[in-house]
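Enquirer: Below: one structure in structure tokens.
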Amino acid sequence: MSFVVARMQKLKANNLVGLGNHDQRKTSNHSNQDIDVSRSHLNYDLVAGRTNNFKTDIQSYIDERKAGSRAVRKDAVLANEWVITSDKGFFEQLDEKQTRAYFETAKQYFAEKFGDENIRYAWVHLDEHTPHMHMGIVPFDKDNKLSAKRVFNREALQQVQDELPEFLQSKGFKLERGQKNKERKNLSVPEYKAMRQELETVKADTKKQRQEFEDFKKSDFDVTNVETLQPRFKKGYVLVKKTILSK
């Protein structure tokens, strides 16, 4: 069975411009080689219209909703971005409508737990190797005070990891929670993507090696014609017949 993947990163004002350009595909040149620009038109925002410019629109939303008149600190976390996905095999079993329903359902969970209006964007990317959603949540607490430390504390993060799989299961998606491991490093989104890309590379190499082995077994190579030599060793070297090397 496939696993739910939910990873979060904190976003400050100086992160929002670059991230917005990436999530909204505002540039044609991408450092991420996994992006297929010919498919970028398939991407969509589940809360379209709430945020056109990540930095100015999110800052405006905070200024309009925050309690009190005190200015927001320059180094404050303005949004927490969650990346929601699963493995490629899971999405291969879903059609376009079911894929959208998966991300809609995940968004519904976060909306009920952290406030629907606080979700300022929910970009679903279908132009990369595996479908995934970038969802930005402004961390307002129940008193409309901006505090990522309170809203997304350790207990809240643990609840997301426990509850999100159950919520998706209740809506008919065959997924389970990842293994609990207190010693596991909590990867940032870029680290997670790099790890996922490395895993896919390993899988591709393994598949290639298996195919080469199968091709070799189908070849006409006759192992009975190979001369078996008694190996002789000398100071870490293997001595072989000179005639073999000259062939």
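Ligands are numbered from 1 in the order shown, residues from 1 within each chain, and chains are lettered A, B, ... in the order they appear in the structure tokens.
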What lies within 10 Å of stretch 18-32 of chain A using only C-alpha atoms, ignoring chain neighbours under 4 positions off, as a CSV table (one decimal) with all heavy atoms, in the first residue's frame?

Expert:
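Ended up saving to part27.csv:
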chain,number,residue,atom,x,y,z
A,11,LEU,N,8.0,29.8,5.5
A,11,LEU,CA,8.3,30.9,4.6
A,11,LEU,C,8.2,32.3,5.2
A,11,LEU,O,7.3,32.6,5.8
A,11,LEU,CB,7.2,30.8,3.4
A,11,LEU,CG,7.1,29.5,2.7
A,11,LEU,CD1,6.0,29.6,1.6
A,11,LEU,CD2,8.4,29.1,2.0
A,14,ASN,N,11.2,37.1,2.5
A,14,ASN,CA,12.2,37.0,1.4
A,14,ASN,C,12.2,35.7,0.7
A,14,ASN,O,12.8,35.6,-0.3
A,14,ASN,CB,13.6,37.3,2.0
A,14,ASN,CG,14.0,36.3,3.1
A,14,ASN,OD1,13.2,35.4,3.4
A,14,ASN,ND2,15.2,36.4,3.6
A,36,ASP,N,8.4,19.5,-16.8
A,36,ASP,CA,8.1,19.4,-18.2
A,36,ASP,C,7.2,20.6,-18.6
A,36,ASP,O,6.0,20.6,-18.3
A,36,ASP,CB,7.4,18.1,-18.5
A,36,ASP,CG,7.1,17.9,-20.0
A,36,ASP,OD1,7.4,18.8,-20.8
A,36,ASP,OD2,6.5,16.8,-20.3
A,37,VAL,N,7.8,21.6,-19.1
A,37,VAL,CA,7.1,22.9,-19.4
A,37,VAL,C,5.9,22.7,-20.4
A,37,VAL,O,5.0,23.5,-20.4
A,37,VAL,CB,8.0,24.0,-19.9
A,37,VAL,CG1,9.0,24.4,-18.8
A,37,VAL,CG2,8.8,23.5,-21.2
A,40,SER,N,2.9,22.2,-18.2
A,40,SER,CA,2.6,23.2,-17.1
A,40,SER,C,1.2,23.8,-17.2
A,40,SER,O,0.7,24.2,-16.1
A,40,SER,CB,3.7,24.3,-17.1
A,40,SER,OG,5.0,23.8,-16.8
A,41,HIS,N,0.6,23.8,-18.3
A,41,HIS,CA,-0.7,24.3,-18.5
A,41,HIS,C,-1.7,23.4,-17.7
A,41,HIS,O,-2.9,23.8,-17.5
A,41,HIS,CB,-1.1,24.4,-19.9
A,41,HIS,CG,-1.2,23.1,-20.7
A,41,HIS,ND1,-0.1,22.4,-21.1
A,41,HIS,CD2,-2.3,22.4,-21.0
A,41,HIS,CE1,-0.6,21.3,-21.7
A,41,HIS,NE2,-1.9,21.2,-21.6
A,43,ASN,N,-1.4,22.4,-14.7
A,43,ASN,CA,-1.4,22.8,-13.2
A,43,ASN,C,-2.6,23.6,-12.9
A,43,ASN,O,-3.1,24.4,-13.7
A,43,ASN,CB,-0.1,23.5,-12.9
A,43,ASN,CG,1.2,22.7,-13.1
A,43,ASN,OD1,1.1,21.5,-13.3
A,43,ASN,ND2,2.3,23.3,-13.2
A,44,TYR,N,-3.0,23.6,-11.6
A,44,TYR,CA,-4.1,24.4,-11.2
A,44,TYR,C,-4.1,24.7,-9.7
A,44,TYR,O,-3.4,24.0,-8.9
A,44,TYR,CB,-5.5,23.7,-11.5
A,44,TYR,CG,-5.6,22.3,-11.0
A,44,TYR,CD1,-6.0,22.0,-9.7
A,44,TYR,CD2,-5.3,21.2,-11.9
A,44,TYR,CE1,-6.1,20.7,-9.3
A,44,TYR,CE2,-5.4,19.9,-11.4
A,44,TYR,CZ,-5.8,19.6,-10.1
A,44,TYR,OH,-5.9,18.3,-9.7
A,45,ASP,N,-4.7,25.8,-9.3
A,45,ASP,CA,-4.8,26.2,-8.0
A,45,ASP,C,-6.2,26.0,-7.4
A,45,ASP,O,-7.2,26.5,-7.9
A,45,ASP,CB,-4.5,27.7,-7.9
A,45,ASP,CG,-4.4,28.3,-6.5
A,45,ASP,OD1,-4.6,27.5,-5.5
A,45,ASP,OD2,-4.1,29.5,-6.3
A,51,THR,N,-4.6,34.4,-4.2
A,51,THR,CA,-3.2,34.9,-4.2
A,51,THR,C,-2.7,34.9,-5.6
A,51,THR,O,-2.4,33.9,-6.2
A,51,THR,CB,-2.3,34.1,-3.3
A,51,THR,OG1,-2.8,34.1,-2.0
A,51,THR,CG2,-0.9,34.6,-3.3
A,52,ASN,N,-2.4,36.2,-6.1
A,52,ASN,CA,-1.7,36.3,-7.4
A,52,ASN,C,-0.3,36.6,-7.3
A,52,ASN,O,0.6,36.1,-8.0
A,52,ASN,CB,-2.4,37.4,-8.2
A,52,ASN,CG,-3.9,37.1,-8.6
A,52,ASN,OD1,-4.1,36.0,-9.1
A,52,ASN,ND2,-4.8,38.0,-8.4
A,53,ASN,N,0.0,37.4,-6.3
A,53,ASN,CA,1.4,37.7,-6.0
A,53,ASN,C,1.7,37.2,-4.6
A,53,ASN,O,1.1,37.7,-3.6
A,53,ASN,CB,1.7,39.2,-6.1
A,53,ASN,CG,3.2,39.6,-5.8
A,53,ASN,OD1,3.7,39.4,-4.7
A,53,ASN,ND2,3.8,40.1,-6.9
A,54,PHE,N,2.6,36.2,-4.4
A,54,PHE,CA,2.8,35.6,-3.1
A,54,PHE,C,3.1,36.6,-2.0
A,54,PHE,O,2.6,36.6,-0.9
A,54,PHE,CB,3.8,34.5,-3.2
A,54,PHE,CG,3.3,33.2,-3.7
A,54,PHE,CD1,2.2,33.1,-4.5
A,54,PHE,CD2,3.9,32.0,-3.2
A,54,PHE,CE1,1.7,31.8,-4.9
A,54,PHE,CE2,3.4,30.8,-3.6
A,54,PHE,CZ,2.4,30.7,-4.5
A,55,LYS,N,4.1,37.5,-2.3
A,55,LYS,CA,4.5,38.4,-1.3
A,55,LYS,C,3.5,39.4,-0.9
A,55,LYS,O,3.2,39.6,0.3
A,55,LYS,CB,5.9,39.0,-1.7
A,55,LYS,CG,6.5,39.9,-0.6
A,55,LYS,CD,7.8,40.4,-1.0
A,55,LYS,CE,8.5,41.2,0.2
A,55,LYS,NZ,9.8,41.7,-0.2
A,81,GLU,N,4.3,26.3,4.1
A,81,GLU,CA,3.9,25.6,2.9
A,81,GLU,C,4.0,24.1,3.1
A,81,GLU,O,5.1,23.6,3.5
A,81,GLU,CB,4.8,26.0,1.7
A,81,GLU,CG,4.4,25.2,0.4
A,81,GLU,CD,5.2,25.6,-0.8
A,81,GLU,OE1,4.8,26.7,-1.4
A,81,GLU,OE2,6.0,24.9,-1.3
A,121,TYR,N,-3.0,29.6,-1.1
A,121,TYR,CA,-2.8,29.0,-2.4
A,121,TYR,C,-2.7,27.5,-2.2
A,121,TYR,O,-2.3,27.0,-1.1
A,121,TYR,CB,-1.5,29.5,-3.1
A,121,TYR,CG,-0.2,29.3,-2.4
A,121,TYR,CD1,0.5,28.1,-2.6
A,121,TYR,CD2,0.3,30.2,-1.5
A,121,TYR,CE1,1.7,27.9,-1.9
A,121,TYR,CE2,1.5,30.0,-0.8
A,121,TYR,CZ,2.2,28.9,-1.0
A,121,TYR,OH,3.4,28.6,-0.4
A,122,ALA,N,-3.0,26.7,-3.2
A,122,ALA,CA,-3.0,25.3,-3.2
A,122,ALA,C,-2.7,24.8,-4.6
A,122,ALA,O,-3.6,24.3,-5.3
A,122,ALA,CB,-4.3,24.7,-2.7
A,123,TRP,N,-1.5,25.0,-5.1
A,123,TRP,CA,-1.1,24.7,-6.4
A,123,TRP,C,-0.8,23.2,-6.6
A,123,TRP,O,0.1,22.7,-6.0
A,123,TRP,CB,0.1,25.5,-6.9
A,123,TRP,CG,-0.2,26.9,-7.4
A,123,TRP,CD1,-0.2,28.1,-6.7
A,123,TRP,CD2,-0.7,27.2,-8.7
A,123,TRP,NE1,-0.6,29.1,-7.5
A,123,TRP,CE2,-0.9,28.6,-8.8
A,123,TRP,CE3,-0.9,26.4,-9.8
A,123,TRP,CZ2,-1.4,29.2,-9.9
A,123,TRP,CZ3,-1.4,27.0,-11.0
A,123,TRP,CH2,-1.6,28.4,-11.0
A,124,VAL,N,-1.5,22.6,-7.5
A,124,VAL,CA,-1.3,21.2,-7.9
A,124,VAL,C,-0.4,21.2,-9.1
A,124,VAL,O,-0.8,21.8,-10.1
A,124,VAL,CB,-2.6,20.5,-8.1
A,124,VAL,CG1,-2.4,19.0,-8.6
A,124,VAL,CG2,-3.5,20.4,-6.9
A,125,HIS,N,0.7,20.5,-9.0
A,125,HIS,CA,1.6,20.4,-10.1
A,125,HIS,C,1.5,19.0,-10.8
A,125,HIS,O,1.7,18.0,-10.1
A,125,HIS,CB,3.1,20.6,-9.6
A,125,HIS,CG,3.4,22.0,-9.3
A,125,HIS,ND1,4.5,22.4,-8.7
A,125,HIS,CD2,2.7,23.2,-9.6
A,125,HIS,CE1,4.5,23.7,-8.5
A,125,HIS,NE2,3.4,24.2,-9.0
A,128,GLU,N,5.4,17.6,-13.2
A,128,GLU,CA,6.7,16.9,-12.7
A,128,GLU,C,6.5,15.4,-12.7
A,128,GLU,O,5.4,14.9,-13.0
A,128,GLU,CB,7.0,17.5,-11.4
A,128,GLU,CG,7.4,19.0,-11.4
A,128,GLU,CD,7.9,19.5,-10.1
A,128,GLU,OE1,8.8,18.9,-9.5
A,128,GLU,OE2,7.3,20.5,-9.6
A,133,MET,N,1.0,18.7,-4.4
A,133,MET,CA,0.4,20.0,-4.2
A,133,MET,C,1.2,20.8,-3.3
A,133,MET,O,1.7,20.3,-2.2
A,133,MET,CB,-1.0,19.8,-3.6
A,133,MET,CG,-1.7,21.1,-3.1
A,133,MET,SD,-3.4,20.9,-2.6
A,133,MET,CE,-3.3,19.8,-1.2
A,134,HIS,N,1.4,22.1,-3.6
A,134,HIS,CA,2.1,23.1,-2.8
A,134,HIS,C,0.9,23.9,-2.1
A,134,HIS,O,0.2,24.7,-2.9
A,134,HIS,CB,3.0,24.0,-3.6
A,134,HIS,CG,4.2,23.3,-4.1
A,134,HIS,ND1,5.4,23.3,-3.5
A,134,HIS,CD2,4.4,22.6,-5.2
A,134,HIS,CE1,6.3,22.6,-4.2
A,134,HIS,NE2,5.7,22.2,-5.3
A,135,MET,N,0.8,23.8,-0.8
A,135,MET,CA,-0.3,24.5,-0.2
A,135,MET,C,0.2,25.5,0.9
A,135,MET,O,0.9,25.0,1.8
A,135,MET,CB,-1.3,23.5,0.5
A,135,MET,CG,-2.5,24.1,1.2
A,135,MET,SD,-3.6,22.8,1.7
A,135,MET,CE,-2.6,21.7,2.6
A,193,LYS,N,12.6,16.6,-2.1
A,193,LYS,CA,12.6,16.4,-3.5
A,193,LYS,C,13.9,15.8,-4.0
A,193,LYS,O,13.9,15.0,-4.9
A,193,LYS,CB,12.3,17.8,-4.2
A,193,LYS,CG,10.9,18.3,-4.1
A,193,LYS,CD,10.6,19.4,-5.1
A,193,LYS,CE,9.2,19.8,-5.2
A,193,LYS,NZ,8.9,20.8,-6.2
A,194,ALA,N,15.0,16.3,-3.4
A,194,ALA,CA,16.3,15.7,-3.8
A,194,ALA,C,16.4,14.2,-3.5
A,194,ALA,O,16.9,13.4,-4.3
A,194,ALA,CB,17.4,16.5,-3.1

Enquirer: Just the residues within 12 Å of A:Asp143, please, counting only C-alpha atoms, with nothing from its chain fewer than 5 positions along; format it as an mmCIF file with N, CA and C atoms, in the first residue's frame.

Expert:
data_model
loop_
_atom_site.group_PDB
_atom_site.id
_atom_site.type_symbol
_atom_site.label_atom_id
_atom_site.label_comp_id
_atom_site.auth_asym_id
_atom_site.auth_seq_id
_atom_site.Cartn_x
_atom_site.Cartn_y
_atom_site.Cartn_z
ATOM 1 N N ARG A 65 -6.201 40.885 8.584
ATOM 2 C CA ARG A 65 -6.805 39.936 9.522
ATOM 3 C C ARG A 65 -6.158 39.910 10.905
ATOM 4 N N LYS A 66 -4.921 40.344 11.020
ATOM 5 C CA LYS A 66 -4.198 40.171 12.283
ATOM 6 C C LYS A 66 -4.812 41.008 13.401
ATOM 7 N N ALA A 67 -4.727 40.462 14.615
ATOM 8 C CA ALA A 67 -5.222 41.170 15.794
ATOM 9 C C ALA A 67 -4.203 42.236 16.202
ATOM 10 N N GLY A 68 -4.675 43.401 16.575
ATOM 11 C CA GLY A 68 -3.780 44.467 17.020
ATOM 12 C C GLY A 68 -3.201 45.252 15.864
ATOM 13 N N ARG A 150 3.136 28.482 17.424
ATOM 14 C CA ARG A 150 1.973 27.971 18.141
ATOM 15 C C ARG A 150 1.097 27.103 17.242
ATOM 16 N N VAL A 151 0.844 27.588 16.034
ATOM 17 C CA VAL A 151 -0.078 26.884 15.142
ATOM 18 C C VAL A 151 0.511 25.556 14.669
#

Enquirer: Select from stretch 10-117 of chain A everything DSSP, run on the backbone, classes as strand (DSSP E or B), then give the selection as a VMD selection string.

Expert: chain A and resid 10 to 12 44 to 45 77 to 85

Enquirer: Could you check the closest approach to A:Arg73 for each of A:Gln159, A:Thr56, A:Ser147, A:Gln93 and tell me which residue wins, using only C-alpha atoms?

Expert: A:Ser147

Enquirer: Where does DSSP see helix (DSSP H, G or I) in stretch 12-185 of chain A, if you list the residues as a ChimeraX atom specification?

Expert: /A:13-23,37-42,54-65,88-92,96-114,148-151,154-170
